[in-house]
Structures are given as structure tokens and as C-alpha cells.
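One structure below.
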Amino acid sequence: MKYAGKISLILAMAMIVTMLASSEGKTVQAASTTTLRVTYDQTGARTMLASINEFRKSTGVWYWNSSTTKKLLASGLGDLEYDYALEKIAMIRAAEIAVSFSHIRPNGESCFTAGDDSDFIVRGENIASGYKSVGSVVAAWEEDKEDYSGQGHRRNMLGVLSDGSTDGFDAVGVAHIVYNGTHYWVQEFGTRKSASSTTYTTPNNYTDPVDGDKSVIVSLTASSGTTIEKSSATTATAAKKTAVSAVDIVAAPGNSFKLTWDNTGASEYIIYYKKSAWSSFKELATVSSKTTYTTDSLTNGTYEFKIKAGYTVSGKTTYSAYSPVFKTATIGIPYITGITKYSAGRVKVKFSTVKNVDGYQFIRSTAYNGTYVDYKAVVYKVSAYAIMKPVKNKTYYYRVRAYKEVDGVKIYGAWSPVAIYTLK
């Protein structure tokens with residue numbers, strides 16, 4: 001159930017930052033949707049990857065600190081990989097910025113809602129218009145003559161996040177279209193949850209990136225008076241508010257539980273719980289910088305847990321959706337109260353019963369600290385004993401625990417202390 005990938009990141013700036021190097025405004029009449037016929041040049045767009053990586057690995061590449069008083073070196077940067085899922089998003093956005101040049105989509109939503117980016121933890125976007133070649137637009141995005149406030153595109157290409165770390169992105173996808181004679185460019189950056197790349201796709205030099213039609217349908221929020229701003233450069237970076245997807249719950253001594261969940265890179269995690277008799281969830285604890293928590297002792301019953309991840313950027317915390325709900329139950333500990341010879345070659349293991357459970361599991365070993373293996377004992381729950389077949393004149397070490405089935409899943413309690421017996 002637990003997400004196996006190890007995620008290490010520092011979240012990117014959640015605010016949308018816009019710099020207008022040069023702009024001209026015009027107003028168009030827009031219906032609820034508009035159909036564009038655009039020309040894609042993805043063969044050319046993909047060549048931008050080499051320019052980006054050359055810039056990242058150039059000798060002495062730098063960026064301003066936040067006060068524009070010191071040049072900081074971005075040394076040791078690796079190559080970004082080209083990602084075809086990000087390219088699909090970039091192709092959607094390229095058509096959209098031809099309608100509304102902004103990181104707000106024509107339908108009023110954030111640019112980070114375009115396409116499927118569920119495989120990414122951190123996202124960033126650069127957009128530009130008017131530049132006719134890869135070289136000219138990359139040179140504009142390098143922004144070596146700008147101060148800190150004007151180097152958003154530069155920092156995106158370098159993977160520099162708001163805290164100054166330079167491991168912000170590991171992948172990029174690019175799109176280039178021509179619409180009504182104007183060139184539009186989009187870079188979509190991302191940090192993947194895993195290192196695997198998306199499958200190569202043939203460069204699409206003319207069609208709709210979504211449904212194969214040569215026309216692109218773009219949704220607008222206004223029926224008229226939509227303003228289009230043409231700008232040479234704009235940037236945005238956003239933290240992905242990834243939700244917890246898997247939680248392991250293990251019974252701990254004293255009617256408590258140890259919860260362990262997948263690391264989403266959040267600043268904090270808020271744990272909520274609910275007993276079956278309660279009408280709603282209650283906040284249990286807030287955990288920072290770790291992905292495990294052990295509850296205090298709980299009263300007997302069935303419990304539900306869910307977790308919400310919190311991401312803090314520039315002093316402001318935003319939260320993901322809740323994780324799925326995971327159920328468990330408090331289970332008492334049975335004790336082995338005696339072991340006696342039952343019949344030829346068999347022993348009777350007596351144990352104390354536990355209320356409101358569905359069964360018991362026995363394990364045994366030939367050494368106290370040895371490997372205990374599951375033993376399919378014949379268990380008589382009402383009479384509270386189990387029948388086992390040990391090897392004669394050999395010492396065995398026995399343990400037992402109770403379990404309860406919750407929604408078809410066996411929930412186990414803690415193991416009993418060890419009991420020792422040798423059949424003579």
C-alpha cells in the first residue's frame with residue numbers, strides 16, 4: 001500500500017509572477033468557445049531542449065539573489081529530459097495563449113490545470129510571443145540584463161526555486177505555433193514522481209494536440225471584450241499539492257496504531273480520525289518533516305483515518321485533497337496461558353480470548369530470537385485452545401495474536417509474549 005518512490009524536493013513559488021517586457025493590447029469579441037486554426041512546429045520546438053541544456057551547463061551561469069545584490073552560481077546542473085506528456089500540455093497552452101496571453105487560461109483557470117500532469121510534483125511555465133526562432137526566444141528568456149524580478153524565465157530554465165535550490169525541475173516539454181502570422185512559444189517544466197520518461201511520440205506539426213482535429217477549440221469565460229495582451233516574456237511556477245495516496249496502519253502496544261504514509265514532499269501532514277460511532281472526523285495530529293505517526297492509546301472500536309498534506313511557500317500554507325479513508329480496529333492482546341500434551345505427537349496451547357475479534361493467528365520458532373513462521377493450528381475459539389504438532393524432544397517458542405476483518409481486510413493486533421514448550 002505504501003508508495004515506494006523517495007521524493008526529495010523543495011516546493012516552488014506558488015504565486016504567479018508576470019513580467020511584460022513589451023506589450024500591446026487589443027480587444028476581441030469572444031463567444032463561450034472559439035475555434036482556432038493554428039500551425040504547430042513541434043519538430044523545431046523539440047530542438048530547444050539542446051539550447052536549454054547548453055544554457056544550464058554553460059560556464060559560470062548565474063542568477064541574481066532576491067535583492068539583486070549578488071550573482072549566485074548555478075553550478076553542477078544536469079540535463080533536463082524531454083517529456084512528451086509535458087509537450088502535450090505545452091501544445092494546449094500554445095493555442096490558448098494565442099487567445100489570451102496569460103498564465104490564466106481563457107476559461108479562467110490556472111495554467112497548471114491544462115492537460116494531465118498527475119505524474120509531476122512541481123510544475124513551471126514560460127510563455128513568449130513574437131520571436132521567430134528557437135535561438136531568439138531562448139536568448140530572451142535568459143534575461144542576463146534583468147534584475148531579480150525580471151529573471152523568472154531564467155530561474156525556471158535553471159530550475160531555481162523560491163528558496164534558491166537548483167534541483168527544481170528534471171523535465172521539460174516545448175510547443176511552438178504560428179497563428180495569424182504571430183509565433184507563440186511555451187515551455188512546460190516539471191519534477192517527476194519517478195525517473196521514467198514518457199513514450200516518444202512523432203512530432204506533431206499541424207494537428208490539434210487533444211483530439212486530432214486540425215482546429216483547436218479554446219473555452220473562454222467572457223462573451224465579449226476579452227483583452228489579449230501580447231508580451232515578449234512571462235513566467236509562472238507552482239507547487240503541486242499532491243495528496244497522500246497510501247497509508248499503512250500497524251497495531252502497536254496499548255491499543256495504539258502506527259501510521260506510515262507515502263512521502264509527497266509536503267511541509268506538514270494533518271491526520272484525522274473517526275470512530276465508527278462518531279458522526280464526523282476529528283483532527284488527531286499535525287506532523288512535520290516525517291511520514292509516520294503513532295497514536296496514543298485508543299478505546300476499543302473500529303477507526304477510520306485520513307491525511308491531508310500541507311505545502312508552505314513564502315509563509316503561506318495550502319493543502320491537498322484528503323487521502324482515501326483507511327479503516328482499522330483496536331484489538332486486544334491474547335496471552336498463552338499454558339501448553340500441555342494433548343495426544344500422541346500433539347500439544348494443546350491454551351490462550352486468553354479477546355472480545356470482538358474474528359480469529360487468531362499462531363506462529364512458532366525453534367529459537368527465541370529465531371525466525372517465527374505461521375502455523376496453521378486447529379483453533380477452538382470458544383474453548384480457547386489450539387492443537388499443534390511439534391517434533392518430539394524439540395523445544396518450540398510460540399506466540400499468538402488476534403485479528404478482526406474490516407471491509408474484507410484482516411486487521412491484526414500485537415503479538416503475545418513468547419511461550420516455551422518441549423514435547424517429551
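Every chain in the C-alpha cells takes a letter, A first, then B, and so on in the order presented; its residues are numbered from 1, and the ligands are numbered from 1 following the presented order.
Once range 407-417 of chain A and its same-chain neighbours fewer than 3 positions away are set aside, A:Ala251, A:Ala252, A:Pro253, A:Thr328, A:Ala329, A:Ile331, A:Gly332, A:Ile333, A:Pro334, A:Tyr335, A:Arg399, A:Val400, A:Arg401, A:Ala402, A:Tyr403, A:Lys404 remain within 7 Å of it when counting only C-alpha atoms.
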With all heavy atoms kept, could you save the residues just selected as a CSV table (one decimal), in the first residue's frame?
chain,number,residue,atom,x,y,z
A,251,ALA,N,-0.9,-2.2,14.2
A,251,ALA,CA,-1.2,-2.2,15.6
A,251,ALA,C,0.0,-2.1,16.4
A,251,ALA,O,1.0,-2.7,16.1
A,251,ALA,CB,-2.0,-3.4,16.0
A,252,ALA,N,0.0,-1.2,17.4
A,252,ALA,CA,1.1,-1.0,18.3
A,252,ALA,C,0.6,-1.3,19.7
A,252,ALA,O,-0.6,-1.4,20.0
A,252,ALA,CB,1.6,0.4,18.2
A,253,PRO,N,1.5,-1.6,20.7
A,253,PRO,CA,1.1,-2.0,22.0
A,253,PRO,C,0.2,-0.9,22.7
A,253,PRO,O,0.3,0.3,22.4
A,253,PRO,CB,2.4,-2.1,22.8
A,253,PRO,CG,3.5,-2.4,21.7
A,253,PRO,CD,3.0,-1.6,20.5
A,328,THR,N,-9.3,0.6,10.4
A,328,THR,CA,-8.6,-0.4,11.2
A,328,THR,C,-9.5,-0.5,12.5
A,328,THR,O,-10.5,0.1,12.6
A,328,THR,CB,-7.2,0.1,11.5
A,328,THR,OG1,-6.5,-1.0,12.2
A,328,THR,CG2,-7.2,1.3,12.4
A,329,ALA,N,-9.0,-1.3,13.4
A,329,ALA,CA,-9.7,-1.6,14.6
A,329,ALA,C,-8.7,-1.8,15.8
A,329,ALA,O,-7.7,-2.4,15.6
A,329,ALA,CB,-10.7,-2.8,14.5
A,331,ILE,N,-7.5,-3.9,18.8
A,331,ILE,CA,-7.6,-5.3,19.0
A,331,ILE,C,-6.7,-5.7,20.2
A,331,ILE,O,-5.5,-5.3,20.3
A,331,ILE,CB,-7.0,-6.1,17.8
A,331,ILE,CG1,-7.9,-5.8,16.6
A,331,ILE,CG2,-7.0,-7.6,18.1
A,331,ILE,CD1,-7.4,-6.4,15.3
A,332,GLY,N,-7.3,-6.3,21.2
A,332,GLY,CA,-6.6,-6.7,22.4
A,332,GLY,C,-5.6,-7.8,22.2
A,332,GLY,O,-5.5,-8.4,21.1
A,333,ILE,N,-4.7,-8.0,23.1
A,333,ILE,CA,-3.6,-8.9,23.0
A,333,ILE,C,-4.0,-10.2,23.8
A,333,ILE,O,-4.2,-10.2,25.0
A,333,ILE,CB,-2.3,-8.4,23.6
A,333,ILE,CG1,-1.9,-7.1,22.8
A,333,ILE,CG2,-1.2,-9.4,23.5
A,333,ILE,CD1,-0.7,-6.4,23.4
A,334,PRO,N,-4.1,-11.3,23.1
A,334,PRO,CA,-4.3,-12.6,23.8
A,334,PRO,C,-3.0,-13.1,24.4
A,334,PRO,O,-1.9,-12.7,24.0
A,334,PRO,CB,-4.7,-13.6,22.7
A,334,PRO,CG,-4.1,-13.0,21.5
A,334,PRO,CD,-4.0,-11.5,21.7
A,335,TYR,N,-3.1,-13.9,25.4
A,335,TYR,CA,-1.9,-14.5,26.1
A,335,TYR,C,-1.9,-16.0,26.1
A,335,TYR,O,-3.0,-16.5,26.4
A,335,TYR,CB,-1.7,-13.9,27.5
A,335,TYR,CG,-1.5,-12.4,27.6
A,335,TYR,CD1,-2.5,-11.5,27.6
A,335,TYR,CD2,-0.2,-12.0,27.6
A,335,TYR,CE1,-2.3,-10.1,27.6
A,335,TYR,CE2,0.1,-10.6,27.7
A,335,TYR,CZ,-1.0,-9.7,27.6
A,335,TYR,OH,-0.7,-8.3,27.6
A,399,ARG,N,3.8,-17.9,19.8
A,399,ARG,CA,3.2,-16.6,20.0
A,399,ARG,C,1.8,-16.6,19.3
A,399,ARG,O,1.6,-17.4,18.4
A,399,ARG,CB,4.1,-15.4,19.4
A,399,ARG,CG,5.4,-15.4,20.0
A,399,ARG,CD,6.2,-14.2,19.5
A,399,ARG,NE,5.8,-12.9,20.2
A,399,ARG,CZ,6.4,-11.7,20.0
A,399,ARG,NH1,7.3,-11.6,19.0
A,399,ARG,NH2,6.0,-10.7,20.6
A,400,VAL,N,0.9,-15.7,19.8
A,400,VAL,CA,-0.4,-15.7,19.2
A,400,VAL,C,-0.8,-14.2,19.1
A,400,VAL,O,-0.4,-13.4,19.9
A,400,VAL,CB,-1.4,-16.5,20.0
A,400,VAL,CG1,-1.5,-15.9,21.4
A,400,VAL,CG2,-2.8,-16.5,19.3
A,401,ARG,N,-1.7,-13.9,18.1
A,401,ARG,CA,-2.3,-12.6,18.0
A,401,ARG,C,-3.7,-12.7,17.5
A,401,ARG,O,-4.0,-13.7,16.8
A,401,ARG,CB,-1.5,-11.6,17.2
A,401,ARG,CG,-1.4,-12.0,15.7
A,401,ARG,CD,-0.6,-11.0,14.9
A,401,ARG,NE,-0.5,-11.3,13.5
A,401,ARG,CZ,0.1,-10.6,12.6
A,401,ARG,NH1,0.7,-9.4,13.0
A,401,ARG,NH2,0.2,-10.9,11.3
A,402,ALA,N,-4.5,-11.8,17.8
A,402,ALA,CA,-5.9,-11.8,17.3
A,402,ALA,C,-6.1,-10.9,16.1
A,402,ALA,O,-5.2,-10.0,15.8
A,402,ALA,CB,-6.9,-11.3,18.4
A,403,TYR,N,-7.1,-11.2,15.3
A,403,TYR,CA,-7.4,-10.3,14.1
A,403,TYR,C,-8.9,-10.1,14.0
A,403,TYR,O,-9.7,-10.8,14.5
A,403,TYR,CB,-6.8,-10.9,12.8
A,403,TYR,CG,-7.5,-12.2,12.4
A,403,TYR,CD1,-8.7,-12.2,11.6
A,403,TYR,CD2,-6.9,-13.5,12.7
A,403,TYR,CE1,-9.3,-13.4,11.2
A,403,TYR,CE2,-7.5,-14.6,12.3
A,403,TYR,CZ,-8.7,-14.6,11.5
A,403,TYR,OH,-9.3,-15.8,11.1
A,404,LYS,N,-9.2,-9.0,13.3
A,404,LYS,CA,-10.6,-8.6,13.0
A,404,LYS,C,-10.7,-8.3,11.5
A,404,LYS,O,-9.8,-7.6,11.0
A,404,LYS,CB,-11.0,-7.5,13.9
A,404,LYS,CG,-12.5,-7.0,13.7
A,404,LYS,CD,-12.8,-5.9,14.6
A,404,LYS,CE,-14.3,-5.4,14.5
A,404,LYS,NZ,-15.2,-6.5,14.8
Determine, counting only C-alpha atoms, which protein, DNA and RNA residues have an atom within 10 Å of an atom of Thr201 in chain A; residues of the same chain fewer than 4 positions away are not included. Present the result as a PDB file with N, CA and C atoms, in the first residue's frame.
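Saved result, selection_39.pdb, follows:
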ATOM      1  N   ASP A  83      10.063  15.587 -22.077  1.00  0.00           N
ATOM      2  CA  ASP A  83       8.920  14.815 -21.606  1.00  0.00           C
ATOM      3  C   ASP A  83       7.729  15.052 -22.538  1.00  0.00           C
ATOM      4  N   TYR A  84       7.190  13.978 -23.085  1.00  0.00           N
ATOM      5  CA  TYR A  84       6.140  14.100 -24.096  1.00  0.00           C
ATOM      6  C   TYR A  84       4.768  14.374 -23.489  1.00  0.00           C
ATOM      7  N   ALA A  85       4.592  14.042 -22.203  1.00  0.00           N
ATOM      8  CA  ALA A  85       3.364  14.449 -21.521  1.00  0.00           C
ATOM      9  C   ALA A  85       3.358  15.957 -21.314  1.00  0.00           C
ATOM     10  N   GLU A  87       4.943  18.018 -23.206  1.00  0.00           N
ATOM     11  CA  GLU A  87       4.795  18.594 -24.529  1.00  0.00           C
ATOM     12  C   GLU A  87       3.321  18.735 -24.905  1.00  0.00           C
TER      13      GLU A  87
END
Contact residues around Leu284 in chain A with only C-alpha atoms at 12 Å, ignoring same-chain residues under 4 positions, as JSON, numbers by chain: {"A": [259, 269, 270, 271, 272, 273, 274, 275, 293, 294, 295, 296, 298, 304, 305, 306, 307, 308]}
For those residues, write N, CA and C atoms to a file as a PDB file, in the first residue's frame.
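What ended up in again.pdb:
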ATOM      1  N   LEU A 259       0.973   4.757  12.039  1.00  0.00           N
ATOM      2  CA  LEU A 259       0.596   5.093  10.673  1.00  0.00           C
ATOM      3  C   LEU A 259       1.841   5.490   9.889  1.00  0.00           C
ATOM      4  N   TYR A 269       1.754  17.275   7.502  1.00  0.00           N
ATOM      5  CA  TYR A 269       0.634  16.378   7.245  1.00  0.00           C
ATOM      6  C   TYR A 269      -0.330  16.450   8.434  1.00  0.00           C
ATOM      7  N   ILE A 270      -1.603  16.625   8.150  1.00  0.00           N
ATOM      8  CA  ILE A 270      -2.613  16.664   9.206  1.00  0.00           C
ATOM      9  C   ILE A 270      -3.371  15.337   9.181  1.00  0.00           C
ATOM     10  N   ILE A 271      -3.410  14.676  10.330  1.00  0.00           N
ATOM     11  CA  ILE A 271      -4.045  13.363  10.447  1.00  0.00           C
ATOM     12  C   ILE A 271      -5.411  13.536  11.106  1.00  0.00           C
ATOM     13  N   TYR A 272      -6.421  12.937  10.495  1.00  0.00           N
ATOM     14  CA  TYR A 272      -7.784  12.973  11.029  1.00  0.00           C
ATOM     15  C   TYR A 272      -8.229  11.539  11.330  1.00  0.00           C
ATOM     16  N   TYR A 273      -9.079  11.402  12.344  1.00  0.00           N
ATOM     17  CA  TYR A 273      -9.571  10.063  12.655  1.00  0.00           C
ATOM     18  C   TYR A 273     -11.037  10.115  13.055  1.00  0.00           C
ATOM     19  N   LYS A 274     -11.671   8.953  12.979  1.00  0.00           N
ATOM     20  CA  LYS A 274     -13.102   8.861  13.283  1.00  0.00           C
ATOM     21  C   LYS A 274     -13.408   7.459  13.791  1.00  0.00           C
ATOM     22  N   LYS A 275     -14.024   7.384  14.949  1.00  0.00           N
ATOM     23  CA  LYS A 275     -14.518   6.109  15.464  1.00  0.00           C
ATOM     24  C   LYS A 275     -15.860   5.812  14.829  1.00  0.00           C
ATOM     25  N   TYR A 293       3.496   8.299  12.235  1.00  0.00           N
ATOM     26  CA  TYR A 293       2.911   8.815  13.482  1.00  0.00           C
ATOM     27  C   TYR A 293       2.308   7.648  14.253  1.00  0.00           C
ATOM     28  N   THR A 294       2.545   7.623  15.570  1.00  0.00           N
ATOM     29  CA  THR A 294       1.954   6.607  16.437  1.00  0.00           C
ATOM     30  C   THR A 294       0.937   7.266  17.355  1.00  0.00           C
ATOM     31  N   THR A 295      -0.274   6.759  17.362  1.00  0.00           N
ATOM     32  CA  THR A 295      -1.339   7.350  18.168  1.00  0.00           C
ATOM     33  C   THR A 295      -1.147   7.022  19.645  1.00  0.00           C
ATOM     34  N   ASP A 296      -1.846   7.761  20.472  1.00  0.00           N
ATOM     35  CA  ASP A 296      -1.969   7.375  21.870  1.00  0.00           C
ATOM     36  C   ASP A 296      -2.906   6.180  21.968  1.00  0.00           C
ATOM     37  N   LEU A 298      -6.112   4.138  22.281  1.00  0.00           N
ATOM     38  CA  LEU A 298      -7.490   4.424  21.893  1.00  0.00           C
ATOM     39  C   LEU A 298      -8.437   3.416  22.536  1.00  0.00           C
ATOM     40  N   GLU A 304     -11.394   4.998  11.512  1.00  0.00           N
ATOM     41  CA  GLU A 304     -11.044   5.405  10.162  1.00  0.00           C
ATOM     42  C   GLU A 304     -10.019   6.543  10.255  1.00  0.00           C
ATOM     43  N   PHE A 305      -9.055   6.542   9.324  1.00  0.00           N
ATOM     44  CA  PHE A 305      -8.038   7.578   9.291  1.00  0.00           C
ATOM     45  C   PHE A 305      -7.947   8.163   7.879  1.00  0.00           C
ATOM     46  N   LYS A 306      -7.642   9.448   7.800  1.00  0.00           N
ATOM     47  CA  LYS A 306      -7.324  10.088   6.528  1.00  0.00           C
ATOM     48  C   LYS A 306      -6.319  11.197   6.792  1.00  0.00           C
ATOM     49  N   ILE A 307      -5.584  11.583   5.758  1.00  0.00           N
ATOM     50  CA  ILE A 307      -4.474  12.533   5.913  1.00  0.00           C
ATOM     51  C   ILE A 307      -4.561  13.603   4.839  1.00  0.00           C
ATOM     52  N   LYS A 308      -4.240  14.823   5.210  1.00  0.00           N
ATOM     53  CA  LYS A 308      -4.200  15.949   4.285  1.00  0.00           C
ATOM     54  C   LYS A 308      -2.786  16.527   4.306  1.00  0.00           C
TER      55      LYS A 308
END
Determine which residues of range 35-153 of chain A receive a DSSP assignment of strand (DSSP E), computed from the backbone, and state them as an mmCIF file with C-alpha atoms, in the first residue's frame.
data_model
loop_
_atom_site.group_PDB
_atom_site.id
_atom_site.type_symbol
_atom_site.label_atom_id
_atom_site.label_comp_id
_atom_site.auth_asym_id
_atom_site.auth_seq_id
_atom_site.Cartn_x
_atom_site.Cartn_y
_atom_site.Cartn_z
ATOM 1 C CA THR A 35 -12.106 27.707 -32.822
ATOM 2 C CA LEU A 36 -8.534 28.409 -33.890
ATOM 3 C CA ARG A 37 -6.669 27.016 -36.867
ATOM 4 C CA THR A 39 0.154 25.583 -37.330
ATOM 5 C CA TYR A 40 2.337 23.563 -34.974
ATOM 6 C CA TRP A 62 24.312 32.642 -12.658
ATOM 7 C CA TYR A 63 21.152 34.334 -11.386
ATOM 8 C CA TRP A 64 20.509 37.255 -9.051
ATOM 9 C CA LYS A 71 25.153 36.904 -8.517
ATOM 10 C CA LEU A 72 24.632 33.274 -7.459
ATOM 11 C CA LEU A 73 26.267 30.499 -9.451
ATOM 12 C CA GLU A 81 14.950 15.332 -20.183
ATOM 13 C CA TYR A 82 12.336 15.916 -22.833
ATOM 14 C CA PHE A 120 4.614 15.622 -11.579
ATOM 15 C CA ILE A 121 5.278 17.116 -8.147
ATOM 16 C CA VAL A 122 6.397 20.631 -9.135
ATOM 17 C CA ARG A 123 5.457 22.496 -12.318
ATOM 18 C CA GLY A 124 6.617 25.651 -14.070
ATOM 19 C CA GLU A 125 5.689 27.508 -17.253
ATOM 20 C CA ASN A 126 7.379 30.059 -19.548
ATOM 21 C CA ILE A 127 5.486 31.686 -22.423
ATOM 22 C CA ALA A 128 6.503 34.122 -25.155
ATOM 23 C CA SER A 129 5.207 35.581 -28.409
#
Residues near Ser75 in chain A, cut-off 10 Å, only C-alpha atoms, skip fewer than 6 positions along chain, as a list in words: Arg56, Lys57, Ser58, Thr59, Gly60, Val61, Trp62, Leu158 and Thr166 of chain A
Could the residues in this selection be saved with all heavy atoms as an mmCIF file, in the first residue's frame?
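The resulting result27.cif:
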data_model
loop_
_atom_site.group_PDB
_atom_site.id
_atom_site.type_symbol
_atom_site.label_atom_id
_atom_site.label_comp_id
_atom_site.auth_asym_id
_atom_site.auth_seq_id
_atom_site.Cartn_x
_atom_site.Cartn_y
_atom_site.Cartn_z
ATOM 1 N N ARG A 56 22.007 25.734 -19.269
ATOM 2 C CA ARG A 56 22.112 25.234 -17.895
ATOM 3 C C ARG A 56 23.555 24.839 -17.554
ATOM 4 O O ARG A 56 23.982 24.991 -16.400
ATOM 5 C CB ARG A 56 21.196 24.029 -17.702
ATOM 6 C CG ARG A 56 19.715 24.359 -17.615
ATOM 7 C CD ARG A 56 18.862 23.101 -17.699
ATOM 8 N NE ARG A 56 19.167 22.139 -16.656
ATOM 9 C CZ ARG A 56 18.639 22.125 -15.437
ATOM 10 N NH1 ARG A 56 17.763 23.065 -15.097
ATOM 11 N NH2 ARG A 56 18.973 21.188 -14.567
ATOM 12 N N LYS A 57 24.293 24.321 -18.508
ATOM 13 C CA LYS A 57 25.628 23.778 -18.243
ATOM 14 C C LYS A 57 26.749 24.719 -18.679
ATOM 15 O O LYS A 57 27.916 24.353 -18.651
ATOM 16 C CB LYS A 57 25.767 22.424 -18.939
ATOM 17 C CG LYS A 57 24.754 21.404 -18.418
ATOM 18 C CD LYS A 57 24.730 20.136 -19.228
ATOM 19 C CE LYS A 57 25.904 19.257 -18.918
ATOM 20 N NZ LYS A 57 25.790 17.934 -19.577
ATOM 21 N N SER A 58 26.377 25.939 -19.069
ATOM 22 C CA SER A 58 27.395 26.885 -19.510
ATOM 23 C C SER A 58 28.257 27.337 -18.328
ATOM 24 O O SER A 58 27.799 27.413 -17.186
ATOM 25 C CB SER A 58 26.745 28.100 -20.184
ATOM 26 O OG SER A 58 25.834 28.750 -19.311
ATOM 27 N N THR A 59 29.505 27.621 -18.608
ATOM 28 C CA THR A 59 30.459 28.009 -17.558
ATOM 29 C C THR A 59 30.030 29.322 -16.898
ATOM 30 O O THR A 59 29.747 30.314 -17.570
ATOM 31 C CB THR A 59 31.863 28.171 -18.153
ATOM 32 O OG1 THR A 59 32.254 26.939 -18.774
ATOM 33 C CG2 THR A 59 32.871 28.531 -17.073
ATOM 34 N N GLY A 60 29.955 29.284 -15.567
ATOM 35 C CA GLY A 60 29.652 30.500 -14.816
ATOM 36 C C GLY A 60 28.218 30.970 -14.909
ATOM 37 O O GLY A 60 27.932 32.136 -14.599
ATOM 38 N N VAL A 61 27.289 30.091 -15.293
ATOM 39 C CA VAL A 61 25.897 30.512 -15.382
ATOM 40 C C VAL A 61 25.409 30.947 -13.996
ATOM 41 O O VAL A 61 25.710 30.312 -12.995
ATOM 42 C CB VAL A 61 25.014 29.400 -15.977
ATOM 43 C CG1 VAL A 61 24.948 28.181 -15.065
ATOM 44 C CG2 VAL A 61 23.603 29.921 -16.261
ATOM 45 N N TRP A 62 24.650 32.022 -13.926
ATOM 46 C CA TRP A 62 24.312 32.642 -12.658
ATOM 47 C C TRP A 62 22.881 33.177 -12.692
ATOM 48 O O TRP A 62 22.226 33.201 -13.727
ATOM 49 C CB TRP A 62 25.265 33.803 -12.359
ATOM 50 C CG TRP A 62 25.209 34.871 -13.430
ATOM 51 C CD1 TRP A 62 25.892 34.895 -14.613
ATOM 52 C CD2 TRP A 62 24.349 36.019 -13.439
ATOM 53 N NE1 TRP A 62 25.527 35.999 -15.360
ATOM 54 C CE2 TRP A 62 24.588 36.707 -14.659
ATOM 55 C CE3 TRP A 62 23.430 36.553 -12.537
ATOM 56 C CZ2 TRP A 62 23.926 37.882 -15.000
ATOM 57 C CZ3 TRP A 62 22.775 37.724 -12.880
ATOM 58 C CH2 TRP A 62 23.022 38.384 -14.095
ATOM 59 N N LEU A 158 16.821 27.279 -15.242
ATOM 60 C CA LEU A 158 17.864 26.757 -14.369
ATOM 61 C C LEU A 158 17.299 25.846 -13.279
ATOM 62 O O LEU A 158 18.060 25.178 -12.576
ATOM 63 C CB LEU A 158 18.644 27.905 -13.731
ATOM 64 C CG LEU A 158 19.447 28.789 -14.677
ATOM 65 C CD1 LEU A 158 20.087 29.942 -13.911
ATOM 66 C CD2 LEU A 158 20.505 27.974 -15.413
ATOM 67 N N THR A 166 18.550 24.524 -6.595
ATOM 68 C CA THR A 166 18.644 24.402 -8.052
ATOM 69 C C THR A 166 18.297 23.001 -8.533
ATOM 70 O O THR A 166 18.814 22.539 -9.537
ATOM 71 C CB THR A 166 20.062 24.780 -8.527
ATOM 72 O OG1 THR A 166 21.023 23.972 -7.831
ATOM 73 C CG2 THR A 166 20.352 26.246 -8.282
#
